[in-house]
Structures are given as C-alpha cells and as structure tokens.
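Okay, coords_22.txt now, which holds compact mmCIF, C-alpha atoms:
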# COMPACT_ATOMS: atom_id res chain seq x y z
CA MET A 1 -12.99 173.47 7.44
CA SER A 2 -15.66 170.80 7.76
CA LYS A 3 -16.87 171.67 4.23
CA VAL A 4 -13.39 171.06 2.82
CA LYS A 5 -13.17 167.78 4.72
CA PHE A 6 -16.59 166.72 3.42
CA PHE A 7 -15.60 167.64 -0.13
CA LEU A 8 -12.38 165.63 0.09
CA GLN A 9 -14.15 162.65 1.68
CA GLN A 10 -16.62 162.57 -1.17
CA SER A 11 -14.34 163.27 -4.09
CA TRP A 12 -10.85 161.98 -3.26
CA LEU A 13 -11.26 158.97 -5.55
CA LEU A 14 -12.42 161.17 -8.42
CA ILE A 15 -9.47 163.55 -7.94
CA ILE A 16 -6.92 160.72 -7.83
CA THR A 17 -8.38 158.83 -10.82
CA SER A 18 -8.54 162.07 -12.83
CA PHE A 19 -4.88 162.69 -12.09
CA ILE A 20 -3.82 159.13 -12.95
CA PHE A 21 -5.90 159.05 -16.16
CA GLY A 22 -4.51 162.46 -17.12
CA LEU A 23 -0.98 161.08 -16.79
CA LEU A 24 -1.96 157.97 -18.77
CA LEU A 25 -3.36 160.09 -21.61
CA ALA A 26 -0.30 162.36 -21.59
CA ALA A 27 1.95 159.29 -21.86
CA ALA A 28 -0.15 157.79 -24.68
CA ASN A 29 -0.14 161.11 -26.53
CA ALA A 30 3.62 161.51 -26.13
CA ALA A 31 4.23 157.97 -27.38
CA LEU A 32 1.95 158.19 -30.43
CA ARG A 33 2.02 161.89 -31.42
CA ASP A 34 5.04 161.64 -33.76
CA LYS A 35 3.57 158.67 -35.59
CA ILE A 36 0.19 160.42 -35.96
CA GLU A 37 1.85 163.59 -37.31
CA GLN A 38 3.88 161.46 -39.73
CA ASN A 39 0.67 159.79 -40.98
CA GLU A 40 -1.02 163.18 -41.42
CA GLN A 41 1.95 164.50 -43.40
CA GLN A 42 1.91 161.40 -45.62
CA LYS A 43 -1.79 161.87 -46.21
CA LEU A 44 -1.26 165.55 -47.08
CA ASN A 45 1.58 164.70 -49.49
CA LYS A 46 -0.61 162.06 -51.15
CA LYS A 47 -3.50 164.50 -51.59
CA MET A 48 -1.19 167.22 -52.95
CA ALA A 49 0.35 164.74 -55.40
CA GLU A 50 -3.15 163.79 -56.59
CA LEU A 51 -3.88 167.48 -57.24
CA ILE A 52 -0.60 168.47 -58.89
CA THR A 53 0.24 165.32 -60.80
CA ASP A 54 3.39 166.75 -62.45
CA ALA A 55 4.99 167.54 -59.10
CA ASN A 56 8.02 165.51 -58.16
CA ASP A 57 8.28 166.87 -54.63
CA PHE A 58 6.63 169.28 -52.22
CA ALA A 59 8.63 171.67 -50.06
CA LEU A 60 7.33 173.75 -47.19
CA ALA A 61 7.44 177.31 -48.57
CA LEU A 62 5.89 179.19 -45.66
CA ASP A 63 5.36 177.77 -42.19
CA GLU A 64 2.40 178.79 -40.01
CA VAL A 65 1.27 181.67 -42.21
CA VAL A 66 -1.19 183.83 -40.29
CA ILE A 67 -4.33 184.44 -42.34
CA GLN A 68 -6.75 187.12 -41.13
CA LEU A 69 -10.15 185.66 -42.09
CA SER A 70 -12.16 188.42 -40.41
CA LYS A 71 -11.59 191.22 -37.92
CA SER A 72 -11.71 188.82 -35.00
CA LYS A 73 -10.58 185.54 -36.55
CA THR A 74 -7.13 184.51 -37.64
CA VAL A 75 -5.89 181.05 -38.62
CA LYS A 76 -2.45 179.61 -39.24
CA THR A 77 -1.74 177.52 -42.30
CA ASP A 78 1.22 175.90 -44.03
CA LEU A 79 2.00 176.72 -47.63
CA TYR A 80 3.79 174.18 -49.83
CA ARG A 81 5.67 174.65 -53.10
CA ALA A 82 5.24 171.97 -55.78
CA ILE A 83 8.48 171.24 -57.59
CA ASP A 84 8.84 169.34 -60.89
CA VAL A 85 11.73 167.04 -61.89
CA GLY A 86 13.71 170.04 -63.19
CA GLY A 87 13.45 171.84 -59.84
CA ASN A 88 10.97 174.44 -61.12
CA THR A 89 8.04 175.66 -59.07
CA ILE A 90 4.89 174.51 -60.80
CA GLY A 91 2.35 175.38 -58.15
CA PHE A 92 1.44 175.96 -54.55
CA ALA A 93 -0.75 174.05 -52.12
CA TYR A 94 -2.16 175.21 -48.82
CA ILE A 95 -4.38 173.84 -46.09
CA ALA A 96 -7.66 175.70 -45.61
CA GLU A 97 -10.51 175.15 -43.19
CA GLY A 98 -13.92 176.50 -42.32
CA PRO A 99 -17.24 175.54 -40.75
CA GLY A 100 -19.28 172.90 -42.55
CA PHE A 101 -22.80 171.58 -41.88
CA ALA A 102 -21.84 169.26 -39.01
CA ASP A 103 -18.27 170.13 -38.15
CA LYS A 104 -15.15 171.84 -39.44
CA ILE A 105 -14.13 170.99 -43.02
CA LYS A 106 -10.38 170.85 -43.67
CA VAL A 107 -9.16 170.78 -47.27
CA VAL A 108 -5.95 171.15 -49.23
CA ILE A 109 -6.18 173.58 -52.15
CA ALA A 110 -3.69 173.67 -55.03
CA VAL A 111 -3.01 176.56 -57.43
CA ASP A 112 -0.61 176.96 -60.34
CA ALA A 113 2.67 178.89 -60.01
CA GLU A 114 1.33 182.03 -61.76
CA LEU A 115 -1.91 182.07 -59.76
CA THR A 116 -4.02 181.89 -62.88
CA LYS A 117 -5.97 178.73 -62.09
CA PHE A 118 -6.76 176.24 -59.36
CA TYR A 119 -5.67 172.64 -59.66
CA GLY A 120 -8.57 171.78 -57.37
CA PHE A 121 -9.04 170.64 -53.80
CA LYS A 122 -9.06 167.47 -51.73
CA VAL A 123 -10.80 166.94 -48.40
CA LEU A 124 -8.42 166.20 -45.52
CA SER A 125 -11.10 165.86 -42.86
CA SER A 126 -14.83 166.43 -42.60
CA ASN A 127 -17.77 165.01 -40.72
CA GLU A 128 -20.47 166.01 -43.20
CA THR A 129 -23.63 163.90 -43.44
CA PRO A 130 -22.93 160.59 -45.22
CA GLY A 131 -24.72 160.45 -48.56
CA PHE A 132 -25.32 164.21 -48.62
CA GLY A 133 -22.68 166.66 -47.39
CA ASP A 134 -19.85 164.18 -47.74
CA ARG A 135 -20.47 164.23 -51.50
CA ILE A 136 -18.15 167.27 -51.60
CA LYS A 137 -15.53 164.56 -52.15
CA ASP A 138 -17.35 163.25 -55.23
CA GLU A 139 -16.18 163.81 -58.77
CA PHE A 140 -19.33 165.78 -59.71
CA TYR A 141 -18.64 168.51 -57.18
CA ASN A 142 -14.88 168.27 -56.83
CA SER A 143 -14.07 168.43 -60.55
CA GLN A 144 -15.79 171.83 -60.90
CA TYR A 145 -12.79 173.43 -59.15
CA ALA A 146 -10.09 171.72 -61.27
CA GLY A 147 -8.86 174.28 -63.80
CA ALA A 148 -11.18 177.03 -62.56
CA PRO A 149 -9.78 180.59 -62.77
CA PHE A 150 -7.99 181.87 -59.68
CA GLY A 151 -10.40 184.17 -57.86
CA ASP A 152 -13.62 184.13 -55.90
CA PHE A 153 -16.28 181.51 -56.57
CA GLU A 154 -20.05 181.85 -56.64
CA LEU A 155 -22.41 179.05 -55.65
CA VAL A 156 -25.39 178.45 -57.95
CA LYS A 157 -28.17 175.93 -57.46
CA THR A 158 -28.58 175.07 -61.14
CA GLY A 159 -26.18 175.25 -64.04
CA ASP A 160 -23.72 173.27 -66.11
CA ASP A 161 -21.36 171.48 -63.74
CA LYS A 162 -19.12 170.48 -66.67
CA LYS A 163 -18.37 174.13 -67.50
CA ILE A 164 -15.20 175.17 -65.66
CA ASP A 165 -15.63 178.72 -64.47
CA SER A 166 -16.13 180.66 -61.25
CA LYS A 167 -19.68 179.32 -60.83
CA ILE A 168 -19.98 176.17 -58.71
CA VAL A 169 -23.14 174.09 -59.00
CA ALA A 170 -24.33 173.03 -55.52
CA ILE A 171 -24.90 169.40 -54.56
CA SER A 172 -28.62 168.68 -54.44
CA GLY A 173 -29.64 168.25 -50.80
CA ALA A 174 -26.32 169.53 -49.48
CA THR A 175 -26.33 173.26 -50.19
CA VAL A 176 -24.78 174.10 -46.81
CA SER A 177 -21.76 171.82 -47.37
CA SER A 178 -21.42 173.03 -50.99
CA GLU A 179 -21.49 176.64 -49.82
CA ALA A 180 -19.04 175.87 -47.01
CA VAL A 181 -16.38 174.77 -49.52
CA VAL A 182 -16.97 177.88 -51.67
CA LYS A 183 -16.61 180.07 -48.57
CA ILE A 184 -13.39 178.29 -47.57
CA PHE A 185 -11.94 178.96 -51.04
CA ASN A 186 -13.06 182.60 -51.08
CA SER A 187 -11.79 183.39 -47.59
CA TYR A 188 -8.26 182.19 -48.41
CA THR A 189 -7.75 183.13 -52.08
CA ASN A 190 -6.83 186.81 -51.76
CA LYS A 191 -4.98 186.36 -48.47
CA ILE A 192 -2.77 183.63 -49.95
CA LYS A 193 -2.05 185.78 -53.00
CA GLU A 194 -1.03 188.69 -50.77
CA LYS A 195 1.25 186.45 -48.71
CA LEU A 196 2.90 184.95 -51.78
CA GLN A 197 3.48 188.42 -53.23
CA ALA A 198 4.78 189.76 -49.92
CA GLU A 199 7.26 186.89 -49.63
CA GLY A 200 8.36 187.30 -53.24
CA LEU A 201 7.29 183.79 -54.19
CA ILE A 202 5.33 185.12 -57.17
CA THR A 203 6.46 188.04 -59.25
CA ASN A 204 3.76 188.61 -61.85
CA GLY A 205 1.86 190.95 -59.50
CA LYS A 206 -1.53 189.48 -60.25
CA MET B 1 -15.92 122.15 -5.04
CA ALA B 2 -15.68 125.91 -4.73
CA ASN B 3 -13.22 125.97 -7.60
CA LYS B 4 -15.60 124.02 -9.78
CA THR B 5 -18.43 126.44 -8.96
CA ASP B 6 -16.15 129.36 -9.85
CA THR B 7 -15.25 127.76 -13.18
CA VAL B 8 -18.91 127.15 -13.98
CA LEU B 9 -19.72 130.77 -13.07
CA LEU B 10 -16.93 132.06 -15.29
CA SER B 11 -17.89 129.88 -18.25
CA ASP B 12 -21.57 130.87 -17.84
CA THR B 13 -20.58 134.55 -17.72
CA PHE B 14 -18.49 134.13 -20.87
CA ALA B 15 -21.19 132.21 -22.75
CA ALA B 16 -23.90 134.72 -21.76
CA GLY B 17 -22.12 137.51 -23.67
CA LEU B 18 -21.89 135.38 -26.78
CA TRP B 19 -25.51 134.23 -26.95
CA SER B 20 -28.15 134.44 -24.17
CA GLU B 21 -27.21 138.04 -23.26
CA ASN B 22 -25.58 139.03 -26.54
CA PRO B 23 -25.37 142.85 -26.33
CA VAL B 24 -26.63 143.38 -29.89
CA PHE B 25 -29.10 140.56 -30.54
CA ARG B 26 -30.53 140.07 -27.04
CA LEU B 27 -29.97 143.29 -25.07
CA LEU B 28 -30.18 145.65 -28.08
CA LEU B 29 -27.30 147.76 -26.79
CA GLY B 30 -24.72 149.58 -28.89
CA MET B 31 -27.13 150.14 -31.78
CA CYS B 32 -25.31 153.25 -33.05
CA PRO B 33 -22.05 151.49 -34.09
CA THR B 34 -24.01 148.34 -35.01
CA LEU B 35 -25.90 150.26 -37.68
CA ALA B 36 -23.18 152.72 -38.64
CA VAL B 37 -20.00 150.72 -39.13
CA THR B 38 -21.32 147.48 -40.63
CA ALA B 39 -21.28 148.44 -44.31
CA ALA B 40 -18.00 146.51 -44.60
CA VAL B 41 -16.29 143.78 -42.56
CA LYS B 42 -12.94 145.55 -41.95
CA PRO B 43 -14.35 148.53 -40.02
CA ALA B 44 -16.70 146.18 -38.15
CA ILE B 45 -13.76 144.05 -36.92
CA THR B 46 -11.80 147.20 -35.98
CA MET B 47 -14.78 148.54 -34.03
CA GLY B 48 -15.16 145.17 -32.31
CA GLY B 49 -11.47 145.22 -31.32
CA CYS B 50 -11.80 148.75 -29.91
CA VAL B 51 -14.90 147.78 -27.90
CA ILE B 52 -13.16 144.66 -26.48
CA PHE B 53 -10.13 146.77 -25.44
CA VAL B 54 -12.21 149.51 -23.79
CA LEU B 55 -14.59 147.03 -22.16
CA LEU B 56 -11.74 144.96 -20.77
CA CYS B 57 -9.77 147.94 -19.40
CA SER B 58 -12.80 149.72 -17.94
CA ASN B 59 -14.16 146.52 -16.34
CA ILE B 60 -10.78 145.80 -14.69
CA VAL B 61 -10.42 149.37 -13.34
CA VAL B 62 -14.04 149.59 -12.13
CA SER B 63 -13.81 146.15 -10.53
CA LEU B 64 -10.65 147.11 -8.63
CA MET B 65 -12.27 150.34 -7.43
CA ARG B 66 -15.70 148.84 -6.65
CA ASN B 67 -15.39 148.99 -2.86
CA LEU B 68 -14.28 152.65 -2.94
CA LEU B 69 -17.05 153.95 -5.22
CA LYS B 70 -19.54 156.45 -3.78
CA PRO B 71 -23.00 155.60 -5.19
CA HIS B 72 -23.75 159.15 -6.37
CA LEU B 73 -20.33 159.56 -8.05
CA ARG B 74 -20.06 156.14 -9.67
CA ILE B 75 -21.39 157.13 -13.12
CA LEU B 76 -18.90 160.01 -13.21
CA ILE B 77 -16.01 157.64 -12.45
CA PHE B 78 -17.28 155.11 -15.03
CA THR B 79 -17.44 157.79 -17.72
CA LEU B 80 -14.00 159.12 -16.82
CA THR B 81 -12.53 155.61 -17.01
CA ILE B 82 -14.25 154.77 -20.30
CA ALA B 83 -13.29 158.12 -21.89
CA THR B 84 -9.63 157.56 -21.01
CA PHE B 85 -9.43 154.16 -22.67
CA VAL B 86 -11.46 155.26 -25.70
CA THR B 87 -9.04 158.17 -26.22
CA ILE B 88 -6.10 155.75 -26.05
CA ALA B 89 -7.79 153.42 -28.56
CA ASP B 90 -8.51 156.39 -30.84
CA LEU B 91 -4.88 157.58 -30.69
CA PHE B 92 -3.65 154.02 -31.37
CA LEU B 93 -5.88 153.71 -34.46
CA LYS B 94 -4.73 157.12 -35.76
CA ALA B 95 -1.11 156.07 -35.31
CA TYR B 96 -1.14 152.49 -36.57
CA ILE B 97 -4.33 151.94 -38.60
CA PRO B 98 -5.02 155.44 -40.03
CA ASP B 99 -7.21 154.07 -42.85
CA MET B 100 -9.57 152.45 -40.34
CA SER B 101 -9.47 155.52 -38.11
CA GLU B 102 -10.65 157.57 -41.08
CA ALA B 103 -13.27 155.00 -42.09
CA LEU B 104 -14.73 154.82 -38.57
CA GLY B 105 -14.64 158.61 -38.18
CA PRO B 106 -16.55 159.83 -35.11
CA TYR B 107 -17.74 156.33 -34.14
CA VAL B 108 -14.55 155.52 -32.21
CA PRO B 109 -14.86 158.56 -29.87
CA LEU B 110 -18.57 157.70 -29.62
CA ILE B 111 -17.68 154.43 -27.83
CA ILE B 112 -17.58 156.69 -24.73
CA VAL B 113 -21.38 156.77 -24.81
CA ASN B 114 -21.76 153.15 -25.90
CA CYS B 115 -24.33 151.60 -23.55
CA ILE B 116 -22.62 148.19 -23.56
CA ILE B 117 -19.55 149.52 -21.76
CA ILE B 118 -21.37 151.54 -19.10
CA CYS B 119 -23.93 148.73 -18.67
CA ARG B 120 -21.21 146.17 -17.94
CA ALA B 121 -19.41 148.57 -15.57
CA GLU B 122 -22.67 149.06 -13.64
CA ALA B 123 -24.14 145.55 -13.86
CA CYS B 124 -21.01 143.44 -13.55
CA ALA B 125 -17.68 145.15 -12.78
CA SER B 126 -18.97 147.28 -9.89
CA LYS B 127 -20.39 144.16 -8.18
CA ASN B 128 -17.79 141.47 -8.97
CA GLY B 129 -14.08 140.81 -8.67
CA PRO B 130 -11.54 141.24 -11.49
CA ALA B 131 -11.74 137.60 -12.69
CA VAL B 132 -15.49 137.67 -13.37
CA SER B 133 -15.22 141.21 -14.79
CA ILE B 134 -12.47 140.20 -17.22
CA VAL B 135 -14.40 137.13 -18.43
CA ASP B 136 -17.56 139.22 -18.73
CA ALA B 137 -15.70 141.88 -20.76
CA ILE B 138 -14.23 139.28 -23.13
CA GLY B 139 -17.57 137.48 -23.53
CA MET B 140 -19.56 140.67 -24.11
CA GLY B 141 -16.85 142.16 -26.34
CA LEU B 142 -16.65 139.03 -28.48
CA GLY B 143 -20.46 138.84 -28.57
CA PHE B 144 -20.60 142.41 -29.88
CA THR B 145 -17.78 141.76 -32.39
CA LEU B 146 -19.45 138.60 -33.69
CA ALA B 147 -22.79 140.38 -34.06
CA VAL B 148 -21.37 143.35 -36.00
CA CYS B 149 -19.29 141.00 -38.15
CA VAL B 150 -22.35 138.89 -39.09
CA LEU B 151 -24.20 142.08 -40.02
CA ALA B 152 -21.20 143.37 -41.98
CA ILE B 153 -20.71 140.08 -43.87
CA VAL B 154 -24.35 140.05 -45.00
CA ARG B 155 -24.34 143.75 -45.95
CA GLU B 156 -20.96 143.80 -47.73
CA LEU B 157 -21.64 140.55 -49.60
CA LEU B 158 -25.09 141.56 -50.84
CA GLY B 159 -24.18 145.23 -51.27
CA THR B 160 -20.93 144.82 -53.22
CA GLY B 161 -20.57 141.09 -53.94
CA LYS B 162 -17.23 141.18 -52.10
CA ILE B 163 -15.77 140.40 -48.69
CA PHE B 164 -12.41 141.98 -47.77
CA ASP B 165 -12.28 143.28 -51.37
CA ILE B 166 -12.30 139.66 -52.65
CA VAL B 167 -15.01 139.03 -55.23
CA ILE B 168 -17.34 136.32 -53.91
CA LEU B 169 -20.37 136.97 -56.11
CA SER B 170 -19.29 137.84 -59.63
CA ASP B 171 -21.04 140.62 -61.58
CA LYS B 172 -22.08 137.98 -64.13
CA VAL B 173 -24.26 136.07 -61.68
CA PHE B 174 -25.22 138.75 -59.17
CA VAL B 175 -26.21 142.40 -59.38
CA PRO B 176 -25.17 144.06 -56.09
CA TRP B 177 -28.03 145.41 -53.95
CA VAL B 178 -26.67 148.88 -53.29
CA VAL B 179 -29.32 149.48 -50.64
CA MET B 180 -27.52 147.00 -48.37
CA VAL B 181 -24.52 149.31 -47.88
CA MET B 182 -26.83 152.30 -47.30
CA PRO B 183 -28.39 153.05 -43.87
CA ALA B 184 -31.64 151.33 -44.93
CA GLY B 185 -29.69 148.10 -45.51
CA ALA B 186 -28.39 148.24 -41.92
CA PHE B 187 -31.94 148.43 -40.50
CA ILE B 188 -33.25 145.70 -42.82
CA THR B 189 -30.37 143.32 -42.01
CA LEU B 190 -30.54 143.98 -38.26
CA GLY B 191 -34.31 143.44 -38.25
CA LEU B 192 -34.03 140.14 -40.11
CA LEU B 193 -31.18 138.89 -37.91
CA LEU B 194 -33.06 139.86 -34.73
CA GLY B 195 -36.06 137.90 -36.01
CA LEU B 196 -33.84 134.91 -36.76
CA VAL B 197 -32.16 135.01 -33.33
CA ASN B 198 -35.57 135.28 -31.61
CA LYS B 199 -36.85 132.31 -33.59
CA ILE B 200 -33.83 130.17 -32.67
CA THR B 201 -34.11 131.20 -28.98
CA LYS B 202 -37.83 130.35 -28.94
CA LYS B 203 -37.14 126.96 -30.52
CA HIS B 204 -34.47 126.19 -27.91
CA LYS B 205 -36.83 127.13 -25.03
CA ARG B 206 -39.37 124.55 -26.23
Write-out of the structure in structure tokens:
Amino acid sequence: MSKVKFFLQQSWLLIITSFIFGLLLAAANAALRDKIEQNEQQKLNKKMAELITDANDFALALDEVVIQLSKSKTVKTDLYRAIDVGGNTIGFAYIAEGPGFADKIKVVIAVDAELTKFYGFKVLSSNETPGFGDRIKDEFYNSQYAGAPFGDFELVKTGDDKKIDSKIVAISGATVSSEAVVKIFNSYTNKIKEKLQAEGLITNGK
Amino acid sequence: MANKTDTVLLSDTFAAGLWSENPVFRLLLGMCPTLAVTAAVKPAITMGGCVIFVLLCSNIVVSLMRNLLKPHLRILIFTLTIATFVTIADLFLKAYIPDMSEALGPYVPLIIVNCIIICRAEACASKNGPAVSIVDAIGMGLGFTLAVCVLAIVRELLGTGKIFDIVILSDKVFVPWVVMVMPAGAFITLGLLLGLVNKITKKHKR
C-alpha cells in the first residue's frame, strides 16, 4: 500500500497533465482532421491531374483495396478511375507506399485504361535526404516512368535515361531511394492488375 | 517603486531575448532549424511563428506548475508539455498552411527537441511567475524569428536573387550563388553573421 501511495505522491502531476494534454490533442485532432483530410485529397487530385492530363475528373473506383505485399504484410489502398470529358475511363491511379532510405515513401501511380503503359508517378510524401534521395521527384528520374510499359521494372546503375523501357537508371548517390521507388512499383503492379480484373474494371485480360 | 522595478525587469527580459541573449546569435541554441529552414524567408517566418507559439504556451504551463514540479520529473513534464503544443502547431499548419507544412517537413515535429524551448522552461519558466515567463517567451521567440529571418533574407537573396518570389536582383546584373540555398550556404551565412554580431557586441562593450 505504501508503494502505491509513494508512486501516486511522486507522479500525480504527471498523470494529470498527461490526461489533460491527451484531451487537448484529441480536441485539436477532432477540430482539424476534416480540413487536413480535405487538403490531402486536394493534393492527391492535383497530382493525379498532373499525371493524366486528359482526365476531366477522378472517381473512387475501389475503396481500401487490400494488397498482399508479402506473406506477412498487407496494405490498404484507394484506386481511382480517371474520366475524360466524354465520361470514358482513360486510366487508373492508385496510392502506393514502401520503405525508402530515411522513411516511408508514398507515391501516386497512374496507368492507362488498358494497362499497357504507366503515365508515371508523383511523390505524395517522403523524407529522403535533400539533394540526394529527394531527387526521385526530379525530371531526370521521374520521366523514366512516363510511358513505360506496364510490368515490372529493373534498376540499372548506368544506361540511357531518355529511353523509355522497363529499365530505370538510378540516381547517382541515391541508389537506395531509386531502388525503393522501383520496388514500390513492382510490389503493386501485378496485385493492382489482379484486383482490376477481379472487379471487372478491365476486360482485356492482360 | 516596486511596479517600476517590475517593469524594468520585464523590459530587460524582453530585450535580452532580442539581442544580449539572442538564442541563435548569442546562445547558439536551435541550430538545427536555423540551418535547415533558412533557404527561403517564408518557411523561416513560419518556423519562427511555430517556435513563438510553442515557447509561449509551454512557458505559461510550466510557470503555472512550477511549485508542484518534482525535481527528478521536471524534464519529463517539460517534454510532455512541449510535445503537446508542437503537435497542435503541426496539425494547424497541415490544416491551414499545407504548403508550409510540406516545405518544413520534419522540422516542425523536431521543435520538440529544440533546445531553446526546454532551456527557457528550465532557466526561466520553472523559476518565475507567468508574467516574466510570457515576456521571456515573446522576447526569445522574436529573437529566434529575427535571427532565422536575417539568415533567410541573405541566403534567398544571394541564392535566387528573389525575396518572397519577387525579383530583387535581376539576372542581367546578378548571377545567383546557388551555394547559398544549399547546406553549405547556411553554414557560411551563419558563420559570417555570428562574426558580425560578436564584433558589434565587442564594440559596444568598449
């Protein structure tokens, strides 16, 4: 009993402040969460529009799709349908993530409606090293994915970065970040295709 | 007479944060954000605003609790208090200034470990009443903001020829020194400004 009393004597202020600060954070989160989610959605829409420039609108095609990345790891992602002015589906975009050099890299990837080629990717969030890993956002690296055939990519250290194929030339000094993006693409590509086929959103059976 | 002494104490406390005990130029505290977010003026001002908010809130709370603090638990309570207000500032930026939140990246959550805040909680707020603590927080916060803004103005102007995206030094008369917006530019500018501040202080002492 005396131990409990001693513990409470020593830590009552810590317990009370923790409780009050917890309530304060919960209130702040409740007040700002909707606005933050709205900002994130706007950012996503902007990035998707930059990737699929002919799209007039984006509609949520599949919500919280479960992707089995490995035997023990599953992630949930949202899959969007890009619609042109005539109401036709001209592509799909999905959020993908994976470990980078410093932290998780979150990107949005866009593919055409027949799953023949990628429109490319845009980084939604990353904490890669400034000047090195964060160059995954740069034109040199990013443009290698635009128009590349739908399928798995291979990272090479040297090559022609202007040639659009399944070989991605790594960023000098940032091989880990370059490889991280390739791995993110490869881990989602087949799973997304299977989901789209299973849901009947693509019919060509590729 | 007592009131006059109080006023003098408060004005001295305020002025100390701006010059004689400036956290950046005299105490060399908060070097991480000072070097990291001063490539442009906008993020520097935002960081300054966040530090003022956190410093003010944490100083008030610590000052009000100062007589209840157990010596061996005080750092824990300081950190808990600071972390709460930093999280609120981070959520606010994400909700209302998402561009700046993205530009500052991990440096907003890193205010939790900013030495200026914990130093003022320990050196001032835990030993003085709310009035002195508030004035100290405003003085120190403004001192930090002014210091990072001076650094940012020098770096952005010489590195890009612009301030707030307004062209000050035209391409025709000035070739931007790209190094100034790189990490090396932060060290060079800080070193030169520290030298200048030391020289001025020395001159005043004579």
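The coordinates place atom CA of B:Leu151 at 10.2 Å from atom CA of B:Met180.
Here atom CA of B:Gly185 and atom CA of B:Gly161 stand 14.3 Å from one another.
Residues in contact with B:Ala36 at 9 Å, where only C-alpha atoms are counted and same-chain residues fewer than 2 positions away are skipped, are listed as Met31, Cys32, Pro33, Thr34, Thr38, Ala39, Leu104, Tyr107, Pro183 and Ala186 of chain B.
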Restrict the distance test to only C-alpha atoms, flag each residue of chain B within 7 Å of chain A, and return the flagged residues as a list in words. Ile77, Thr84, Ile88, Leu91, Lys94 and Ala95 of chain B
Hey, can you spit out that residue selection with C-alpha atoms as a short mmCIF file (atom, residue, chain, number, x, y, z; two decimals), in the frame of the given file?
data_model
loop_
_atom_site.label_atom_id
_atom_site.label_comp_id
_atom_site.auth_asym_id
_atom_site.auth_seq_id
_atom_site.Cartn_x
_atom_site.Cartn_y
_atom_site.Cartn_z
CA ILE B 77 -16.01 157.64 -12.45
CA THR B 84 -9.63 157.56 -21.01
CA ILE B 88 -6.10 155.75 -26.05
CA LEU B 91 -4.88 157.58 -30.69
CA LYS B 94 -4.73 157.12 -35.76
CA ALA B 95 -1.11 156.07 -35.31
#
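Going from atom CA of B:Cys50 over to atom CA of B:Val181, you cover 22.0 Å.
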Hey, which of B:Ser11, B:Ser101, B:Ser20, B:Asn59 ends up closest to B:Lys202? Count all atoms listed in the file.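 Closest residue, counting all atoms listed in the file: B:Ser20.
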